[in-house]
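start.tsv (TSV, C-alpha atoms) appears below.
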chain	number	residue	atom	x	y	z
A	1	MET	CA	-31.67	-72.61	18.03
A	2	PRO	CA	-34.64	-74.35	19.69
A	3	GLU	CA	-38.03	-73.81	18.08
A	4	GLY	CA	-40.50	-71.29	19.44
A	5	ASP	CA	-42.18	-72.21	22.69
A	6	ARG	CA	-43.38	-68.82	23.98
A	7	VAL	CA	-47.16	-68.52	23.93
A	8	MET	CA	-49.03	-65.24	23.49
A	9	THR	CA	-52.68	-64.69	24.27
A	10	PRO	CA	-54.82	-63.40	21.38
A	11	ALA	CA	-55.06	-60.03	23.12
A	12	GLU	CA	-51.27	-59.80	23.48
A	13	LEU	CA	-50.78	-60.69	19.81
A	14	VAL	CA	-53.33	-58.11	18.64
A	15	GLU	CA	-51.70	-55.41	20.78
A	16	THR	CA	-48.22	-56.36	19.52
A	17	ILE	CA	-49.37	-56.14	15.89
A	18	ARG	CA	-51.18	-52.82	16.53
A	19	LYS	CA	-48.05	-51.26	18.02
A	20	HIS	CA	-45.94	-52.66	15.19
A	21	GLU	CA	-48.15	-51.04	12.59
A	22	ARG	CA	-47.59	-47.67	14.30
A	23	PHE	CA	-43.85	-48.46	14.43
A	24	VAL	CA	-43.76	-49.13	10.68
A	25	GLN	CA	-45.66	-45.91	10.03
A	26	ALA	CA	-43.36	-43.98	12.41
A	27	LYS	CA	-46.32	-42.92	14.55
A	28	PRO	CA	-46.23	-42.21	18.30
A	29	GLY	CA	-46.80	-45.20	20.55
A	30	GLY	CA	-45.34	-47.62	18.07
A	31	ALA	CA	-43.03	-50.52	18.98
A	32	ARG	CA	-41.22	-53.05	16.87
A	33	ALA	CA	-42.89	-56.47	17.14
A	34	ASN	CA	-40.76	-58.92	19.13
A	35	LEU	CA	-42.15	-62.36	18.35
A	36	LYS	CA	-38.92	-64.20	19.10
A	37	MET	CA	-39.51	-67.87	19.96
A	38	VAL	CA	-43.30	-67.38	19.81
A	39	ASN	CA	-45.53	-70.25	18.73
A	40	LEU	CA	-48.01	-69.00	16.11
A	41	ALA	CA	-48.51	-72.33	14.34
A	42	GLY	CA	-51.64	-72.59	12.23
A	43	LEU	CA	-52.80	-68.98	12.59
A	44	LYS	CA	-54.30	-67.11	9.64
A	45	LEU	CA	-52.59	-63.73	9.24
A	46	PRO	CA	-52.91	-62.88	5.52
A	47	LYS	CA	-51.63	-59.51	4.29
A	48	ILE	CA	-50.23	-58.62	7.71
A	49	ASN	CA	-47.39	-56.10	7.81
A	50	LEU	CA	-44.48	-57.58	9.76
A	51	SER	CA	-41.69	-55.75	7.99
A	52	HIS	CA	-38.66	-55.35	10.31
A	53	ALA	CA	-40.34	-57.62	12.89
A	54	ILE	CA	-38.32	-60.00	15.07
A	55	LEU	CA	-39.46	-63.59	14.49
A	56	CYS	CA	-36.23	-65.52	15.08
A	57	GLY	CA	-36.81	-69.05	16.30
A	58	ALA	CA	-40.58	-68.69	15.99
A	59	THR	CA	-42.80	-71.67	15.20
A	60	LEU	CA	-44.90	-70.67	12.20
A	61	THR	CA	-45.77	-74.07	10.76
A	62	ASP	CA	-48.95	-74.17	8.66
A	63	THR	CA	-49.46	-70.44	9.27
A	64	VAL	CA	-51.15	-68.40	6.52
A	65	PHE	CA	-49.19	-65.26	5.65
A	66	SER	CA	-50.22	-64.94	1.98
A	67	GLY	CA	-49.76	-61.40	0.70
A	68	ALA	CA	-47.96	-60.30	3.89
A	69	ASN	CA	-45.03	-57.89	4.10
A	70	MET	CA	-42.00	-59.39	5.85
A	71	SER	CA	-39.32	-57.30	4.25
A	72	PHE	CA	-36.25	-56.86	6.48
A	73	ALA	CA	-37.82	-59.22	9.05
A	74	ASP	CA	-35.59	-61.35	11.27
A	75	LEU	CA	-36.69	-64.95	10.72
A	76	PHE	CA	-33.40	-66.53	11.74
A	77	GLY	CA	-33.98	-70.22	12.56
A	78	ALA	CA	-37.79	-69.90	12.27
A	79	ASN	CA	-39.93	-72.88	11.32
A	80	LEU	CA	-42.25	-72.12	8.40
A	81	GLU	CA	-42.84	-75.65	7.19
A	82	ARG	CA	-45.99	-75.99	5.06
A	83	ALA	CA	-46.80	-72.30	5.62
A	84	ASP	CA	-48.79	-70.37	2.99
A	85	LEU	CA	-46.35	-67.65	1.92
A	86	GLN	CA	-47.68	-66.93	-1.53
A	87	GLU	CA	-46.83	-63.42	-2.76
A	88	VAL	CA	-45.22	-62.54	0.59
A	89	ILE	CA	-42.55	-59.83	0.45
A	90	PHE	CA	-39.31	-61.08	2.03
A	91	PHE	CA	-37.05	-58.40	0.58
A	92	ARG	CA	-33.70	-58.50	2.43
A	93	ALA	CA	-35.20	-60.71	5.14
A	94	ASP	CA	-32.91	-62.75	7.40
A	95	LEU	CA	-33.86	-66.33	6.57
A	96	ARG	CA	-30.69	-68.01	7.79
A	97	GLY	CA	-31.33	-71.60	8.83
A	98	VAL	CA	-35.06	-71.23	8.18
A	99	LYS	CA	-37.25	-74.30	7.68
A	100	LEU	CA	-39.50	-73.98	4.65
A	101	LYS	CA	-40.08	-77.62	3.81
A	102	GLY	CA	-43.27	-77.96	1.79
A	103	ALA	CA	-44.05	-74.23	2.06
A	104	LYS	CA	-46.04	-72.42	-0.63
A	105	LEU	CA	-43.96	-69.50	-1.87
A	106	SER	CA	-45.26	-68.98	-5.40
A	107	GLY	CA	-44.98	-65.35	-6.44
A	108	ALA	CA	-43.04	-64.36	-3.31
A	109	ASP	CA	-40.47	-61.55	-3.39
A	110	LEU	CA	-37.24	-62.98	-1.95
A	111	ARG	CA	-34.82	-60.54	-3.48
A	112	GLU	CA	-31.56	-60.20	-1.54
A	113	ALA	CA	-32.86	-62.55	1.20
A	114	ASP	CA	-30.20	-64.39	3.22
A	115	PHE	CA	-30.66	-68.18	3.43
A	116	ARG	CA	-27.19	-69.12	4.63
A	117	PRO	CA	-26.53	-71.32	7.68
A	118	GLY	CA	-25.85	-69.28	10.81
A	119	ALA	CA	-24.77	-69.15	14.44
A	120	TYR	CA	-26.50	-67.58	17.41
A	121	LEU	CA	-25.45	-66.28	20.81
A	122	ASP	CA	-27.68	-66.69	23.86
A	123	VAL	CA	-26.42	-63.79	25.95
A	124	GLY	CA	-28.37	-64.79	29.07
A	125	LYS	CA	-26.88	-68.26	29.08
A	126	SER	CA	-23.54	-67.26	27.55
A	127	GLN	CA	-23.99	-70.00	24.97
A	128	THR	CA	-23.39	-70.12	21.25
A	129	GLY	CA	-24.90	-72.57	18.81
A	130	GLN	CA	-25.58	-73.34	15.20
A	131	VAL	CA	-28.72	-73.60	13.12
A	132	GLY	CA	-28.57	-75.95	10.16
A	133	ARG	CA	-28.77	-74.94	6.56
A	134	ALA	CA	-32.01	-73.50	5.25
A	135	ASP	CA	-34.46	-76.27	4.33
A	136	LEU	CA	-36.66	-75.57	1.30
A	137	THR	CA	-37.14	-79.18	0.24
A	138	ASN	CA	-40.27	-79.69	-1.88
A	139	ALA	CA	-41.22	-76.03	-1.46
A	140	ASN	CA	-43.20	-74.29	-4.22
A	141	LEU	CA	-41.13	-71.34	-5.44
A	142	ASP	CA	-42.73	-70.94	-8.87
A	143	LYS	CA	-42.44	-67.42	-10.26
A	144	THR	CA	-40.63	-66.16	-7.17
A	145	SER	CA	-38.04	-63.40	-7.36
A	146	LEU	CA	-34.76	-64.45	-5.75
A	147	ASP	CA	-32.52	-61.93	-7.50
A	148	GLN	CA	-29.29	-61.43	-5.52
A	149	ALA	CA	-30.53	-63.75	-2.76
A	150	ASN	CA	-27.92	-65.82	-0.92
A	151	LEU	CA	-28.89	-69.51	-0.88
A	152	SER	CA	-25.41	-70.90	-0.23
A	153	ASP	CA	-25.51	-74.37	1.35
A	154	ALA	CA	-29.34	-74.35	1.35
A	155	ASN	CA	-31.27	-77.56	0.70
A	156	LEU	CA	-33.77	-77.05	-2.13
A	157	SER	CA	-33.97	-80.65	-3.31
A	158	GLY	CA	-37.28	-81.45	-4.96
A	159	ALA	CA	-38.45	-77.83	-4.96
A	160	SER	CA	-40.45	-76.36	-7.82
A	161	MET	CA	-38.92	-73.13	-9.15
A	162	ILE	CA	-40.62	-72.85	-12.53
A	163	ALA	CA	-40.08	-69.43	-14.12
A	164	ALA	CA	-38.34	-68.17	-10.96
A	165	SER	CA	-35.91	-65.27	-11.25
A	166	LEU	CA	-32.48	-65.92	-9.71
A	167	LYS	CA	-30.38	-63.27	-11.42
A	168	ASN	CA	-27.06	-62.77	-9.64
A	169	ALA	CA	-28.21	-65.10	-6.84
A	170	THR	CA	-25.55	-66.97	-4.84
A	171	MET	CA	-26.15	-70.70	-4.45
A	172	VAL	CA	-22.65	-71.99	-3.73
A	173	ASN	CA	-22.73	-75.66	-2.64
A	174	ALA	CA	-26.54	-75.66	-2.45
A	175	ASP	CA	-28.41	-78.96	-2.86
A	176	MET	CA	-30.81	-78.52	-5.77
A	177	ALA	CA	-31.17	-82.15	-6.78
A	178	GLY	CA	-34.34	-82.74	-8.76
A	179	VAL	CA	-35.37	-79.06	-8.71
A	180	ASN	CA	-37.68	-77.96	-11.52
A	181	LEU	CA	-36.13	-74.77	-12.93
A	182	SER	CA	-37.95	-74.82	-16.26
A	183	GLY	CA	-37.83	-71.34	-17.78
A	184	ALA	CA	-36.03	-69.92	-14.74
A	185	ASN	CA	-33.66	-66.98	-15.10
A	186	LEU	CA	-30.26	-67.78	-13.55
A	187	GLU	CA	-28.26	-65.20	-15.47
A	188	SER	CA	-24.92	-64.51	-13.75
A	189	ALA	CA	-25.93	-66.72	-10.80
A	190	LYS	CA	-23.12	-68.13	-8.65
A	191	LEU	CA	-23.62	-71.90	-8.70
A	192	LYS	CA	-20.15	-73.17	-7.86
A	193	GLY	CA	-20.29	-76.70	-6.47
A	194	VAL	CA	-24.10	-76.80	-6.58
A	195	ASN	CA	-25.85	-80.18	-6.83
A	196	LEU	CA	-28.25	-80.01	-9.79
A	197	SER	CA	-28.36	-83.75	-10.44
A	198	GLY	CA	-31.65	-84.72	-12.02
A	199	ALA	CA	-32.78	-81.08	-12.16
A	200	ILE	CA	-35.01	-79.79	-14.95
A	201	LEU	CA	-33.42	-76.79	-16.64
A	202	ASP	CA	-35.35	-76.86	-19.90
A	203	GLY	CA	-35.50	-73.35	-21.33
A	204	ALA	CA	-33.58	-71.91	-18.37
A	205	ASN	CA	-31.34	-68.89	-18.82
A	206	LEU	CA	-27.85	-69.72	-17.51
A	207	LYS	CA	-26.08	-66.99	-19.40
A	208	ARG	CA	-22.77	-66.16	-17.69
A	209	ALA	CA	-23.70	-68.41	-14.74
A	210	GLN	CA	-20.80	-69.72	-12.66
A	211	LEU	CA	-21.21	-73.50	-12.67
A	212	GLU	CA	-17.65	-74.45	-11.81
A	213	GLY	CA	-17.62	-77.91	-10.21
A	214	ALA	CA	-21.43	-78.20	-10.35
A	215	ASN	CA	-23.08	-81.62	-10.48
A	216	LEU	CA	-25.32	-81.67	-13.55
A	217	ARG	CA	-25.50	-85.44	-13.83
A	218	GLY	CA	-28.89	-86.42	-15.27
A	219	ALA	CA	-30.04	-82.80	-15.57
A	220	LYS	CA	-32.44	-81.98	-18.40
A	221	MET	CA	-31.20	-78.91	-20.26
A	222	GLU	CA	-33.16	-78.76	-23.50
A	223	ASN	CA	-33.03	-75.24	-25.00
A	224	ALA	CA	-31.13	-73.92	-21.97
A	225	ASN	CA	-29.03	-70.82	-22.63
A	226	LEU	CA	-25.42	-71.53	-21.55
A	227	ASP	CA	-23.79	-68.60	-23.36
A	228	GLY	CA	-20.71	-67.54	-21.42
A	229	ALA	CA	-21.41	-70.01	-18.59
A	230	ASP	CA	-18.39	-71.27	-16.63
A	231	LEU	CA	-18.62	-75.08	-16.73
A	232	ARG	CA	-15.08	-75.89	-15.61
A	233	ASP	CA	-14.97	-79.24	-13.78
A	234	ALA	CA	-18.76	-79.51	-13.97
A	235	VAL	CA	-20.07	-83.08	-13.93
A	236	MET	CA	-22.42	-83.67	-16.82
A	237	PHE	CA	-23.08	-86.28	-19.47
A	238	LYS	CA	-22.29	-84.96	-22.92
A	239	GLY	CA	-24.83	-87.27	-24.57
A	240	GLY	CA	-22.43	-89.69	-26.26
A	241	GLU	CA	-22.79	-88.09	-29.69
A	242	ASP	CA	-19.68	-89.98	-30.86
A	243	LEU	CA	-21.22	-93.40	-30.11
A	244	PRO	CA	-22.69	-95.74	-32.72
A	245	PHE	CA	-26.41	-95.22	-33.24
A	246	VAL	CA	-27.44	-98.50	-31.60
A	247	VAL	CA	-25.37	-97.72	-28.51
A	248	ARG	CA	-26.71	-94.13	-28.41
A	249	GLU	CA	-30.23	-95.54	-28.24
A	250	VAL	CA	-29.21	-97.85	-25.38
A	251	VAL	CA	-27.68	-94.89	-23.54
A	252	LYS	CA	-30.79	-92.78	-24.12
A	253	GLY	CA	-33.06	-95.56	-22.85
A	254	HIS	CA	-30.95	-96.09	-19.72
A	255	LYS	CA	-30.93	-92.38	-18.92
A	256	LEU	CA	-34.74	-92.38	-19.04
A	257	TRP	CA	-34.85	-95.61	-17.01
A	258	VAL	CA	-32.76	-94.00	-14.25
A	259	GLU	CA	-34.67	-90.71	-14.29
A	260	THR	CA	-38.06	-92.45	-14.02
A	261	ARG	CA	-36.81	-95.10	-11.58
A	262	GLY	CA	-37.58	-97.88	-14.02
A	263	ARG	CA	-41.04	-96.73	-15.07
A	264	GLU	CA	-39.88	-95.83	-18.59
A	265	GLY	CA	-36.91	-96.61	-20.81
A	266	SER	CA	-34.78	-99.71	-20.34
A	267	ARG	CA	-31.69	-100.75	-18.40
A	268	ALA	CA	-28.44	-100.50	-20.38
A	269	GLN	CA	-27.14	-103.91	-21.41
A	270	LEU	CA	-23.87	-103.52	-23.27
A	271	GLN	CA	-22.36	-106.93	-22.58
A	272	GLY	CA	-19.40	-107.65	-24.83
A	273	HIS	CA	-19.60	-104.35	-26.73
A	274	THR	CA	-16.34	-102.89	-28.00
A	275	LEU	CA	-16.26	-99.16	-27.17
A	276	PRO	CA	-12.60	-98.13	-26.87
A	277	GLY	CA	-11.77	-94.47	-26.28
A	278	VAL	CA	-15.36	-93.27	-25.83
A	279	ASP	CA	-16.47	-90.51	-23.46
A	280	LEU	CA	-19.22	-91.74	-21.14
A	281	SER	CA	-18.25	-89.46	-18.25
A	282	GLY	CA	-20.72	-87.77	-15.94
A	283	ALA	CA	-23.54	-90.27	-16.50
A	284	ASP	CA	-25.55	-92.43	-14.14
A	285	TRP	CA	-24.98	-96.06	-15.10
A	286	SER	CA	-26.61	-97.57	-12.01
A	287	ALA	CA	-27.55	-101.26	-12.46
A	288	SER	CA	-26.20	-101.29	-16.05
A	289	ASP	CA	-24.44	-104.34	-17.52
A	290	PHE	CA	-21.01	-103.80	-19.08
A	291	SER	CA	-19.79	-107.36	-18.52
A	292	ARG	CA	-17.00	-108.35	-20.96
A	293	ALA	CA	-17.23	-104.92	-22.61
A	294	VAL	CA	-14.04	-103.46	-24.07
A	295	LEU	CA	-13.70	-99.86	-22.87
A	296	HIS	CA	-9.92	-99.56	-23.08
A	297	GLY	CA	-8.75	-95.92	-22.83
A	298	SER	CA	-12.26	-94.53	-22.35
A	299	ARG	CA	-13.50	-91.79	-19.99
A	300	LEU	CA	-15.84	-92.94	-17.26
A	301	ASN	CA	-14.95	-90.35	-14.63
A	302	ASP	CA	-17.60	-88.80	-12.36
A	303	CYS	CA	-20.05	-91.61	-13.14
A	304	VAL	CA	-22.41	-93.60	-10.94
A	305	PHE	CA	-22.12	-97.39	-11.31
A	306	ARG	CA	-24.02	-98.44	-8.20
A	307	LEU	CA	-25.03	-102.13	-8.45
A	308	ALA	CA	-23.68	-102.26	-12.02
A	309	THR	CA	-22.13	-105.38	-13.55
A	310	LEU	CA	-18.67	-105.04	-15.15
A	311	THR	CA	-17.39	-108.60	-14.78
A	312	ALA	CA	-14.38	-109.38	-17.00
A	313	ALA	CA	-14.64	-105.93	-18.62
A	314	ASP	CA	-11.53	-104.43	-20.18
A	315	LEU	CA	-11.06	-101.12	-18.33
A	316	GLY	CA	-7.37	-100.74	-19.04
A	317	LYS	CA	-6.17	-97.12	-18.91
A	318	VAL	CA	-9.76	-95.96	-18.35
A	319	ASP	CA	-10.31	-92.77	-16.32
A	320	LEU	CA	-12.65	-93.83	-13.51
A	321	SER	CA	-11.75	-91.04	-11.11
A	322	ARG	CA	-14.44	-89.83	-8.67
A	323	SER	CA	-16.92	-92.48	-9.84
A	324	ASP	CA	-19.15	-94.47	-7.47
A	325	PHE	CA	-19.04	-98.28	-7.80
A	326	SER	CA	-20.86	-99.05	-4.56
A	327	GLY	CA	-22.29	-102.57	-4.69
A	328	ALA	CA	-20.95	-103.08	-8.22
A	329	ASN	CA	-19.54	-106.38	-9.54
A	330	LEU	CA	-16.12	-106.04	-11.19
A	331	ALA	CA	-14.93	-109.62	-10.71
A	332	GLN	CA	-12.06	-110.48	-13.09
A	333	ALA	CA	-12.14	-106.97	-14.58
A	334	LYS	CA	-8.93	-105.77	-16.26
A	335	LEU	CA	-7.97	-102.36	-14.82
A	336	VAL	CA	-4.33	-102.25	-15.87
A	337	GLY	CA	-3.12	-98.64	-15.76
A	338	ALA	CA	-6.60	-97.34	-14.92
A	339	ILE	CA	-7.08	-94.03	-13.09
A	340	LEU	CA	-9.18	-94.47	-9.94
A	341	ARG	CA	-8.38	-91.36	-7.92
A	342	ASN	CA	-11.04	-90.69	-5.25
A	343	THR	CA	-13.18	-93.52	-6.65
A	344	ILE	CA	-15.66	-95.20	-4.28
A	345	PHE	CA	-16.23	-98.96	-3.98
A	346	GLY	CA	-18.68	-98.95	-1.07
A	347	SER	CA	-21.71	-100.97	-0.06
A	348	VAL	CA	-25.40	-100.57	-0.96
A	349	GLU	CA	-28.22	-101.60	1.35
A	350	ILE	CA	-30.54	-104.21	-0.10
A	351	MET	CA	-34.15	-103.01	-0.10
A	352	ARG	CA	-37.38	-104.99	-0.07
A	353	PRO	CA	-39.83	-104.66	-2.99
A	354	ASP	CA	-41.90	-102.22	-0.93
A	355	GLY	CA	-38.85	-99.98	-0.42
A	356	SER	CA	-38.27	-100.89	3.23
A	357	LYS	CA	-34.76	-101.57	4.52
A	358	THR	CA	-33.46	-105.09	5.13
A	359	GLY	CA	-30.34	-104.20	7.10
A	360	GLN	CA	-28.29	-106.27	4.64
A	361	PHE	CA	-25.70	-104.76	2.33
A	362	MET	CA	-24.27	-105.60	-1.08
A	363	ARG	CA	-20.57	-104.78	-1.10
A	364	ALA	CA	-18.43	-104.11	-4.16
A	365	ASN	CA	-17.05	-107.35	-5.64
A	366	LEU	CA	-13.55	-107.01	-7.14
A	367	THR	CA	-12.43	-110.63	-6.85
A	368	GLY	CA	-9.64	-111.44	-9.27
A	369	ALA	CA	-9.53	-107.92	-10.73
A	370	ASP	CA	-6.19	-106.75	-12.15
A	371	PHE	CA	-5.05	-103.30	-10.91
A	372	THR	CA	-1.49	-103.56	-12.19
A	373	ARG	CA	0.02	-100.05	-12.46
A	374	ALA	CA	-3.39	-98.53	-11.64
A	375	ASP	CA	-3.63	-95.20	-9.79
A	376	LEU	CA	-5.73	-95.80	-6.67
A	377	THR	CA	-4.82	-92.55	-4.90
A	378	ASN	CA	-7.39	-91.81	-2.14
A	379	CYS	CA	-9.60	-94.61	-3.43
A	380	ASP	CA	-12.29	-95.84	-0.99
A	381	LEU	CA	-12.25	-99.66	-0.84
A	382	ARG	CA	-13.73	-100.06	2.63
A	383	GLY	CA	-15.52	-103.38	2.99
A	384	ALA	CA	-14.93	-104.37	-0.65
A	385	ASN	CA	-14.18	-107.97	-1.65
A	386	LEU	CA	-10.61	-107.88	-2.99
A	387	THR	CA	-9.95	-111.63	-2.92
A	388	GLY	CA	-7.22	-112.52	-5.42
A	389	VAL	CA	-6.80	-108.92	-6.65
A	390	THR	CA	-3.54	-107.92	-8.36
A	391	LEU	CA	-2.00	-104.67	-7.07
A	392	VAL	CA	1.46	-104.98	-8.62
A	393	ASP	CA	3.03	-101.51	-9.05
A	394	ALA	CA	-0.31	-99.88	-8.19
A	395	ASN	CA	-0.33	-96.46	-6.49
A	396	VAL	CA	-2.28	-96.96	-3.25
A	397	ARG	CA	-1.31	-93.71	-1.53
A	398	GLY	CA	-4.21	-92.64	0.70
A	399	THR	CA	-6.28	-95.69	-0.29
A	400	ASN	CA	-8.67	-96.90	2.42
A	401	PHE	CA	-8.76	-100.70	2.78
A	402	ASP	CA	-10.57	-100.80	6.14
A	403	GLY	CA	-12.73	-103.92	6.43
A	404	ALA	CA	-11.85	-105.10	2.92
A	405	LYS	CA	-11.49	-108.83	2.25
A	406	MET	CA	-7.95	-109.22	0.93
A	407	ASP	CA	-7.23	-112.96	0.83
A	408	GLY	CA	-4.66	-113.85	-1.81
A	409	VAL	CA	-3.92	-110.26	-2.91
A	410	LYS	CA	-0.89	-110.06	-5.19
A	411	ARG	CA	1.39	-107.07	-4.62

Mind turning the file's structure into structure tokens?
Amino acid sequence: MPEGDRVMTPAELVETIRKHERFVQAKPGGARANLKMVNLAGLKLPKINLSHAILCGATLTDTVFSGANMSFADLFGANLERADLQEVIFFRADLRGVKLKGAKLSGADLREADFRPGAYLDVGKSQTGQVGRADLTNANLDKTSLDQANLSDANLSGASMIAASLKNATMVNADMAGVNLSGANLESAKLKGVNLSGAILDGANLKRAQLEGANLRGAKMENANLDGADLRDAVMFKGGEDLPFVVREVVKGHKLWVETRGREGSRAQLQGHTLPGVDLSGADWSASDFSRAVLHGSRLNDCVFRLATLTAADLGKVDLSRSDFSGANLAQAKLVGAILRNTIFGSVEIMRPDGSKTGQFMRANLTGADFTRADLTNCDLRGANLTGVTLVDANVRGTNFDGAKMDGVKR
């Protein structure tokens, strides 16, 4: 839905609001406010009563609505980026496809609000269309009430939701990467397939939460209540409690290094270490060094090894399924009998020191690697360097070799 472009004069807006107040109070002469597609950007309308109002497609960027009542309002596809919505009542409001990037929502009442993606029908033009998923990136939702709200497929990455209440909320497949949910109440919340990578869940209540297939890689969960939570197929690092103390410290330092983007901790350097049969699954091992390490029979599934070094490592019979080795170096690695179902060996763009793009890419290097009897079902090897690789008796059903360099491959 296109953003609001209809302009109202101040007199028209005042009259519309006056009639709406009478409508809400069921008084004669009242009329429901129709602010569809209206541009009200930057206006200051604190404590206004717009319950049941029609605001679909409206442009409300930077508008001040603090303390307003928007319960049951139709805000389908509206743009509320950077708006001041503190302590606004959005009870059962239609917020499908809404844009709330950078909005201030602390203390807001969002119970039973609908944030799902949606479709619209333009009757006059006989056209249908889609609005994208709700965008709440970097929004402030501290102490908000989102009980029974539907945030399925919404993008909340980077949002602050400290002490928010999300009891029985539905957040299926939502992107909540890096969200701060410290002390939040997510009891019985539906979080199937949600991305909570790098999220802060310290002290959060996840009792009976449905986290099936959720991505919890790098999430901080100190003192979180997981009683009765469904964690089937969830991706999370168990902490490596079974590892030797020295290695545990290396793992701990690397986790901090990744979380702080190198500001704290230290990069994991486990060259030549013998760690057979260990469980390192669900962790982010980006830029780590496992060259010549012996990891025979270990679990490294659902990991991130972007730009990591695993040259000449023994990865025989290791479970590497669903891991990401984009830009990694596995030259001469031994992967005999390894499980690599749905594993990615893509490319990573090389960035300048200032973070700008160079347009150049580092592709996965697998030269001379031995994949004898390995399971490469649905593996993504597009653009990878497979020079001299051994694929004898390997299962390559559904494997994508598009653009891969395959000189001297042994089959």

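Near region 221-231 of chain A, within a cut-off of 8 Å and counting only C-alpha atoms, sit the residues Ile200, Leu201, Asp202, Gly203, Ala204, Asn205, Leu206, Lys207, Arg208, Ala209, Gln210, Leu211, Glu212, Gly213 and Ala214 of chain A, with same-chain residues fewer than 5 positions away left out.
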
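Residue nearest Gly57 (chain A), chosen from A:Lys44, A:Glu21, A:Val98, A:Ala333 and counting only C-alpha atoms: A:Val98.
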
Which residues of region 214-249 of chain A have any atom within 12 Å of an atom in region 307-325 of chain A when counting all atoms listed in the file, and what is the closest pair of atoms for each, with the distance in Å to one decimal? Order the rows by chain and rising number and write it as CSV.
residue,atom,partner,partner_atom,distance
A:Arg217,CA,A:Ser323,CA,11.8
A:Asp233,CA,A:Arg322,CA,11.8
A:Val235,CA,A:Arg322,CA,10.2

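In this model, the gap between CA of Ile17 (chain A) and CA of Gly29 (chain A) comes to 12.2 Å.
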
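Distance-wise, CA of Ser106 (chain A) and CA of Asp5 (chain A) end up 28.4 Å apart.
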
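Between Ile48 (chain A) and the candidates A:Asn34, A:Ser66, A:Asn395, A:Thr61, the tightest atom-to-atom separation, counting all atoms listed in the file, involves A:Ser66.
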
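Checking A:Lys143, A:Asn49, A:Gln271, A:Glu87 one by one against Gln25 (chain A), counting only C-alpha atoms, you find the shortest gap at A:Asn49.
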
Problem - Exercise: Ser160 (chain A) partners within 6 Å, all atoms listed in the file, chain neighbours under 2 positions left out, as JSON, numbers by chain - result: {"A": [140, 141, 142, 162, 179, 180]}

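Across the structure, CA of Ile350 (chain A) and CA of Asp407 (chain A) are spaced 24.9 Å apart.
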
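Counting all atoms listed in the file and comparing A:Ser157, A:Asn215, A:Ser152, A:Thr144, the residue that lies closest to Asp175 (chain A) is A:Ser157.
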
Practice task
Can you pull out every residue within 10 Å of Val38 (chain A), counting only C-alpha atoms, but drop anything in the same chain fewer than 3 positions away, and send it as a PyMOL selection string?
Solution key: chain A and resi 3-8+34-35+41+55-60+78

Kindly compute an axis-aligned box around the listed atoms of region 15-22 of chain A, allowing 8 Å on each side, and express its centre and edge lengths in Å to one decimal as lines of an AutoDock Vina configuration file.
center_x = -48.8
center_y = -52.0
center_z = 16.7
size_x = 21.8
size_y = 24.7
size_z = 24.2

Handout entry: For Gln86 (chain A): contacts at 6 Å, all atoms listed in the file, fewer than 2 positions along chain excluded, given as a ChimeraX atom specification
Key = /A:66,84,88,104-108

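Among the candidates A:Asp135, A:Asp62, A:Asp153, A:Asp109, the residue lying nearest to Leu166 (chain A) is A:Asp109 (atoms considered: only C-alpha atoms).
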
Practice task
Write out as a VMD selection string which residues come within 12 Å of region 356-365 of chain A when counting only C-alpha atoms, dropping same-chain ones fewer than 6 positions away.
Solution key: chain A and resid 305 to 312 324 to 333 344 to 350 380 to 389 403 to 406

Practice task
Find the residues with any atom within 7 Å of (-17.0, -109.3, -23.8); use only C-alpha atoms and the coordinates as given in the file, and write the answer as a ChimeraX atom specification.
Solution key: /A:271-273,291-294,313

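Compared by their closest atoms to Trp285 (chain A), and using only C-alpha atoms, the residues A:Val258, A:Ala374, A:Asn301, A:Ser182 rank with A:Val258 nearest.
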
Give me, as a Markdown table, each residue of region 232-259 of chain A that comes within 12 Å of region 191-199 of chain A, together with its shortest interatomic pair and the distance in Å at one decimal, counting all atoms listed in the file, with rows ordered by chain and rising residue number.
| residue | atom | partner | partner_atom | distance |
| --- | --- | --- | --- | --- |
| A:Arg232 | CA | A:Lys192 | CA | 9.7 |
| A:Asp233 | CA | A:Gly193 | CA | 9.4 |
| A:Ala234 | CA | A:Gly193 | CA | 8.2 |
| A:Val235 | CA | A:Ser197 | CA | 9.0 |
| A:Met236 | CA | A:Ser197 | CA | 8.7 |
| A:Phe237 | CA | A:Ser197 | CA | 10.8 |
| A:Lys255 | CA | A:Gly198 | CA | 10.3 |
| A:Leu256 | CA | A:Gly198 | CA | 10.8 |
| A:Val258 | CA | A:Gly198 | CA | 9.6 |
| A:Glu259 | CA | A:Gly198 | CA | 7.1 |

With C-alpha atoms retained, could you export that selection as a CSV table (one decimal), keeping the file's coordinate frame?
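See again-v3.csv below for the written result:
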chain,number,residue,atom,x,y,z
A,232,ARG,CA,-15.1,-75.9,-15.6
A,233,ASP,CA,-15.0,-79.2,-13.8
A,234,ALA,CA,-18.8,-79.5,-14.0
A,235,VAL,CA,-20.1,-83.1,-13.9
A,236,MET,CA,-22.4,-83.7,-16.8
A,237,PHE,CA,-23.1,-86.3,-19.5
A,255,LYS,CA,-30.9,-92.4,-18.9
A,256,LEU,CA,-34.7,-92.4,-19.0
A,258,VAL,CA,-32.8,-94.0,-14.2
A,259,GLU,CA,-34.7,-90.7,-14.3
